[in-house]
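Shown next: coords.cif, given as mmCIF, C-alpha atoms and all ligand atoms.
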data_protein
loop_
_atom_site.label_atom_id
_atom_site.label_comp_id
_atom_site.auth_asym_id
_atom_site.auth_seq_id
_atom_site.Cartn_x
_atom_site.Cartn_y
_atom_site.Cartn_z
CA MET B 1 74.66 59.15 137.50
CA ALA B 2 74.37 62.21 135.25
CA LEU B 3 70.64 61.65 134.73
CA TYR B 4 69.95 61.37 138.46
CA ASP B 5 72.12 64.42 139.08
CA TRP B 6 70.01 66.31 136.50
CA LEU B 7 66.79 65.07 138.11
CA GLY B 8 67.89 66.27 141.56
CA LYS B 9 68.93 69.64 140.19
CA LYS B 10 65.59 70.06 138.43
CA ALA B 11 63.77 69.22 141.66
CA GLY B 12 66.17 71.31 143.77
CA LEU B 13 66.72 68.38 146.12
CA PRO B 14 69.58 66.01 146.98
CA LEU B 15 68.96 62.46 145.73
CA TRP B 16 68.75 60.95 149.23
CA GLN B 17 65.88 63.35 149.92
CA ILE B 18 64.09 62.60 146.63
CA TRP B 19 64.26 58.93 147.61
CA GLY B 20 62.97 59.67 151.12
CA LEU B 21 66.04 58.31 152.89
CA ASP B 22 67.34 59.16 156.35
CA CYS B 23 71.06 59.95 156.43
CA ASP B 24 71.13 59.29 160.19
CA ARG B 25 70.98 55.59 159.22
CA ILE B 26 74.32 55.72 157.39
CA VAL B 27 76.91 53.48 159.12
CA PRO B 28 80.67 54.19 159.20
CA ILE B 29 82.78 53.17 156.21
CA SER B 30 85.59 50.66 156.51
CA VAL B 31 89.09 51.51 155.34
CA THR B 32 91.11 48.88 153.50
CA ILE B 33 94.53 47.37 154.14
CA GLY B 34 95.79 45.34 151.18
CA ILE B 35 97.62 42.00 151.22
CA ASN B 36 100.94 42.75 152.87
CA LYS B 37 103.65 41.53 155.14
CA PRO B 38 102.83 42.42 158.79
CA GLU B 39 105.24 45.40 158.93
CA GLN B 40 103.78 46.96 155.77
CA ALA B 41 100.23 46.34 156.97
CA ILE B 42 101.04 48.14 160.22
CA ALA B 43 102.58 51.04 158.28
CA ARG B 44 99.34 51.35 156.26
CA LEU B 45 97.28 51.12 159.46
CA LYS B 46 99.30 53.95 161.03
CA ASN B 47 98.80 55.98 157.87
CA TRP B 48 95.01 55.50 158.08
CA GLN B 49 95.08 56.34 161.80
CA ALA B 50 96.86 59.61 161.00
CA THR B 51 94.37 60.48 158.23
CA LEU B 52 90.97 59.51 159.52
CA ASP B 53 88.88 58.70 162.58
CA PHE B 54 87.90 55.33 161.10
CA LYS B 55 85.71 52.83 162.97
CA MET B 56 86.18 49.75 160.83
CA LEU B 57 89.02 48.02 158.97
CA LYS B 58 88.75 45.72 155.98
CA LEU B 59 91.72 43.38 155.63
CA LYS B 60 92.47 41.88 152.24
CA LEU B 61 93.46 38.22 152.67
CA GLY B 62 94.01 35.32 150.29
CA ASN B 63 97.78 35.90 150.30
CA PRO B 64 99.43 33.81 147.52
CA ASP B 65 101.87 32.59 150.23
CA GLY B 66 98.97 30.84 151.98
CA ILE B 67 96.76 31.20 155.04
CA GLU B 68 99.77 31.27 157.39
CA ALA B 69 100.73 34.60 155.78
CA ASP B 70 97.10 35.77 156.16
CA GLN B 71 97.16 34.86 159.85
CA LEU B 72 100.40 36.80 160.47
CA MET B 73 98.84 39.93 158.97
CA VAL B 74 95.58 39.61 160.93
CA LYS B 75 97.45 39.05 164.22
CA ALA B 76 99.67 42.09 163.63
CA VAL B 77 96.76 44.40 162.80
CA ARG B 78 94.56 43.06 165.61
CA GLN B 79 97.37 43.77 168.09
CA ALA B 80 97.99 47.28 166.73
CA ALA B 81 94.29 48.23 166.57
CA PRO B 82 92.62 46.33 169.43
CA GLN B 83 89.56 48.60 169.51
CA SER B 84 88.80 48.62 165.79
CA ARG B 85 86.06 46.53 164.20
CA ILE B 86 87.64 44.23 161.59
CA THR B 87 86.22 42.56 158.50
CA VAL B 88 87.97 40.38 155.93
CA ASP B 89 87.86 40.11 152.13
CA ALA B 90 89.66 37.08 150.67
CA ASN B 91 88.86 38.05 147.05
CA GLY B 92 88.28 34.40 146.16
CA GLY B 93 91.76 33.42 147.34
CA TRP B 94 90.96 30.37 149.45
CA SER B 95 90.14 26.73 148.87
CA PHE B 96 87.06 25.31 150.59
CA ALA B 97 89.26 23.73 153.31
CA ASP B 98 91.15 27.02 153.88
CA ALA B 99 87.85 28.91 154.12
CA VAL B 100 86.39 26.48 156.67
CA TYR B 101 89.55 26.69 158.80
CA MET B 102 89.88 30.48 158.47
CA SER B 103 86.22 31.15 159.31
CA GLN B 104 86.76 29.53 162.70
CA TRP B 105 90.13 31.14 163.30
CA LEU B 106 88.94 34.61 162.26
CA GLU B 107 85.94 34.37 164.56
CA GLN B 108 88.37 33.92 167.45
CA GLN B 109 90.13 37.11 166.32
CA GLY B 110 86.89 39.07 166.60
CA VAL B 111 86.39 39.49 162.85
CA GLU B 112 82.77 40.32 161.90
CA TYR B 113 82.29 38.71 158.48
CA ILE B 114 84.14 37.21 155.51
CA GLU B 115 83.72 38.51 151.99
CA GLN B 116 84.22 36.32 148.90
CA PRO B 117 86.19 33.50 150.56
CA LEU B 118 85.95 31.21 147.50
CA PRO B 119 86.64 31.86 143.82
CA ILE B 120 83.47 32.16 141.72
CA VAL B 121 84.02 28.69 140.21
CA LEU B 122 83.31 27.34 143.72
CA ASP B 123 79.96 29.14 144.17
CA HIS B 124 78.35 25.70 144.54
CA GLN B 125 80.31 25.24 147.81
CA LEU B 126 79.11 28.50 149.39
CA SER B 127 76.09 26.85 150.96
CA ALA B 128 78.18 24.18 152.69
CA LEU B 129 80.66 26.81 153.84
CA SER B 130 77.91 29.02 155.28
CA GLN B 131 76.58 26.03 157.23
CA THR B 132 79.93 25.44 158.96
CA SER B 133 81.22 29.01 159.21
CA PRO B 134 80.58 30.82 162.50
CA LEU B 135 80.97 34.09 160.56
CA PRO B 136 78.53 35.50 157.98
CA ILE B 137 79.68 34.98 154.38
CA PHE B 138 79.27 37.81 151.85
CA VAL B 139 79.83 37.60 148.10
CA ASP B 140 81.33 40.26 145.84
CA GLU B 141 82.86 38.80 142.66
CA SER B 142 80.03 36.20 142.56
CA CYS B 143 77.35 38.90 142.36
CA PHE B 144 77.21 41.68 139.76
CA THR B 145 73.55 42.63 139.31
CA SER B 146 70.11 41.93 140.76
CA ALA B 147 69.87 38.89 138.43
CA ASP B 148 72.69 37.14 140.36
CA ILE B 149 71.07 37.52 143.77
CA PRO B 150 68.27 34.90 143.87
CA ARG B 151 70.57 31.97 143.02
CA LEU B 152 72.97 33.02 145.83
CA ALA B 153 70.33 33.97 148.38
CA LYS B 154 70.13 30.65 150.23
CA SER B 155 73.93 30.22 150.31
CA VAL B 156 75.20 33.49 151.77
CA ALA B 157 74.39 36.12 154.39
CA GLY B 158 74.88 39.15 152.18
CA VAL B 159 76.03 40.77 148.96
CA ASN B 160 78.54 43.50 148.14
CA LEU B 161 76.96 45.90 145.60
CA LYS B 162 79.06 48.34 143.57
CA ILE B 163 77.89 50.98 141.13
CA MET B 164 80.48 49.83 138.58
CA LYS B 165 79.01 46.30 138.75
CA THR B 166 75.36 47.36 138.53
CA GLY B 167 76.18 49.93 135.84
CA GLY B 168 74.19 52.73 137.46
CA LEU B 169 71.91 53.85 140.27
CA THR B 170 68.70 52.35 138.82
CA GLU B 171 70.12 48.82 138.79
CA ALA B 172 71.82 49.45 142.16
CA MET B 173 68.38 50.19 143.61
CA ARG B 174 66.91 47.10 141.97
CA ALA B 175 69.73 44.98 143.47
CA ILE B 176 69.04 46.50 146.89
CA GLN B 177 65.35 45.64 146.61
CA VAL B 178 66.05 42.07 145.47
CA ALA B 179 68.60 41.56 148.26
CA GLN B 180 66.12 42.89 150.82
CA ALA B 181 63.37 40.65 149.46
CA CYS B 182 65.74 37.68 149.79
CA GLY B 183 66.53 38.61 153.40
CA LEU B 184 70.18 39.35 152.67
CA LYS B 185 72.48 41.88 154.32
CA ILE B 186 73.68 44.65 152.05
CA MET B 187 77.19 46.00 151.69
CA PHE B 188 78.30 48.72 149.28
CA GLY B 189 81.82 48.49 147.87
CA CYS B 190 83.95 50.23 145.26
CA TYR B 191 86.82 49.69 142.87
CA SER B 192 89.38 52.52 142.54
CA ASP B 193 86.49 54.96 142.19
CA SER B 194 86.69 58.70 142.75
CA SER B 195 84.40 60.84 144.90
CA LEU B 196 81.92 60.90 142.02
CA ALA B 197 80.91 57.22 142.16
CA ASN B 198 81.31 56.92 145.93
CA THR B 199 79.10 59.98 146.48
CA ALA B 200 76.45 58.50 144.18
CA MET B 201 76.39 55.36 146.33
CA ALA B 202 76.46 57.49 149.51
CA HIS B 203 72.99 58.75 148.53
CA LEU B 204 71.74 55.13 148.76
CA SER B 205 73.85 54.33 151.85
CA PRO B 206 70.94 54.45 154.33
CA TYR B 207 69.98 51.06 152.83
CA ALA B 208 73.36 49.44 153.59
CA ASP B 209 74.36 47.38 156.62
CA TYR B 210 78.06 47.74 155.79
CA LEU B 211 79.87 50.37 153.76
CA ASP B 212 83.25 50.03 152.10
CA LEU B 213 83.40 53.29 150.16
CA ASP B 214 86.98 54.37 150.82
CA SER B 215 88.66 54.24 147.38
CA HIS B 216 88.60 58.01 146.75
CA LEU B 217 90.61 58.45 149.95
CA ASN B 218 93.44 56.54 148.27
CA LEU B 219 93.60 58.93 145.30
CA THR B 220 96.20 61.68 145.27
CA ASP B 221 94.32 63.50 142.50
CA ASP B 222 90.61 62.83 143.09
CA PRO B 223 89.01 65.02 140.38
CA PHE B 224 85.76 65.49 142.34
CA HIS B 225 84.50 66.80 145.63
CA GLY B 226 81.27 65.39 147.05
CA ALA B 227 80.33 63.35 150.12
CA THR B 228 82.50 64.13 153.14
CA ILE B 229 83.70 62.10 156.12
CA ALA B 230 82.41 62.88 159.61
CA ALA B 231 83.15 60.59 162.57
CA GLY B 232 84.06 57.77 160.18
CA ARG B 233 80.83 58.11 158.13
CA LEU B 234 80.71 59.15 154.45
CA LEU B 235 77.80 61.58 154.20
CA PRO B 236 76.22 63.14 151.11
CA ASN B 237 75.65 66.89 151.37
CA HIS B 238 72.46 68.97 151.03
CA GLN B 239 73.14 70.29 147.52
CA PRO B 240 70.66 69.30 144.78
CA GLY B 241 71.39 66.20 142.71
CA LEU B 242 74.54 64.26 143.55
CA GLY B 243 76.10 67.26 145.27
CA VAL B 244 79.37 66.63 143.42
CA THR B 245 81.57 69.37 142.03
CA ARG B 246 84.63 69.10 139.85
CA CYS B 247 87.86 70.22 141.55
CA SER B 248 89.33 73.21 139.73
MG MG B 301 85.55 42.59 147.60
#

Show how you would write the structure in this file as structure tokens.
Amino acid sequence: MALYDWLGKKAGLPLWQIWGLDCDRIVPISVTIGINKPEQAIARLKNWQATLDFKMLKLKLGNPDGIEADQLMVKAVRQAAPQSRITVDANGGWSFADAVYMSQWLEQQGVEYIEQPLPIVLDHQLSALSQTSPLPIFVDESCFTSADIPRLAKSVAGVNLKIMKTGGLTEAMRAIQVAQACGLKIMFGCYSDSSLANTAMAHLSPYADYLDLDSHLNLTDDPFHGATIAAGRLLPNHQPGLGVTRCS
């Protein structure tokens, strides 16, 4: 990230411009609600609604109490946010049978896709799941770098790429190119990253079909200032390089 920041500063251009990308293509980010009881999930939803004009919610499922607990949370959030687009990330928390059942049930709830339904040890069942699931299946934990993409390409609809998985922007770009060549949808995600990492990925965001770059919004002491939110979209600025400054 530092090297690309230096490159942009030398050229006097933001990275998205060096790469010839069009920021008008950047889609809204999703904001995340963790595994919770329905009341706590609604409290988090209300908190997001008070903070941000978000367009998309990502619900964390795979509750250790089972898919009945997942269903209670989805129903509660769906009822409280009827207009919002909703996606689901099970973080590998389901069995194959749970995933088959939930894919059908979640489609009826208007959910758009399912991320990492199965644990990575069940990667060999992703193809069969994708054939029965009415919803697109994305992988996250199953895919770290460009090298993981070809073996997954025929089994899933898309991949979740994160800068902390690829190890930097060069490999992130390579993973984007391999995913595109394999005909896969592209999502960008994050861990508990600050504005620094999420801004770096925001420069590549015109390539993404889905964006889940909300972690810095959860930090009370984000040490950096960079990409900003406008109408639910996380947009890099026009400063050279990453356009990130350290908060004083
Ligand atoms: Mg995930």

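With only C-alpha atoms and all ligand atoms as the atoms that count, the minimum distance from ligand MG 301 (chain B) to the choices B:Tyr191, B:Phe224, B:Trp105, B:Trp94 is reached by B:Tyr191.
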
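For the atom pair formed by atom CA of B:Gln40 and atom CA of B:Lys58, the distance is 15.1 Å, given to one decimal.
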
Q. Can you tell me how far atom CA of B:Val77 sits from atom CA of B:Leu52, in Å to one decimal?
A. 16.5 Å

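Selecting all polymer residues at most 6 Å from ligand MG 301 (chain B), using all atoms listed in the file, gives Asp89, Asn91 and Asp140 of chain B.
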
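Once B:Gln109 and its same-chain neighbours fewer than 6 positions away are set aside, Val74, Lys75, Arg78 and Ile86 of chain B remain within 9 Å of it when counting only C-alpha atoms.
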
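Straight-line separation from atom CA of B:Leu21 to atom CA of B:Asp222: 26.8 Å.
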
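Selecting by distance to (103.2, 45.6, 156.5) with a limit of 12 Å and using only C-alpha atoms, one obtains B:Ile33, B:Gly34, B:Ile35, B:Asn36, B:Lys37, B:Pro38, B:Glu39, B:Gln40, B:Ala41, B:Ile42, B:Ala43, B:Arg44, B:Leu45, B:Lys46, B:Asn47, B:Leu59, B:Ala69, B:Asp70, B:Leu72, B:Met73, B:Val74, B:Lys75, B:Ala76, B:Val77, B:Ala80.
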
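Nearest to B:Tyr113 of all the residues B:Trp19, B:Tyr210, B:Phe54, B:Phe144 is B:Tyr210, based on only C-alpha atoms.
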
Q: Would you list the contacts of B:Gly183 as a list in words, taking every protein, DNA or RNA residue within 9 Å and counting all atoms listed in the file, but skipping same-chain residues closer than 5 positions in sequence?
A: Ala153, Ala157, Gly158 and Val178 of chain B
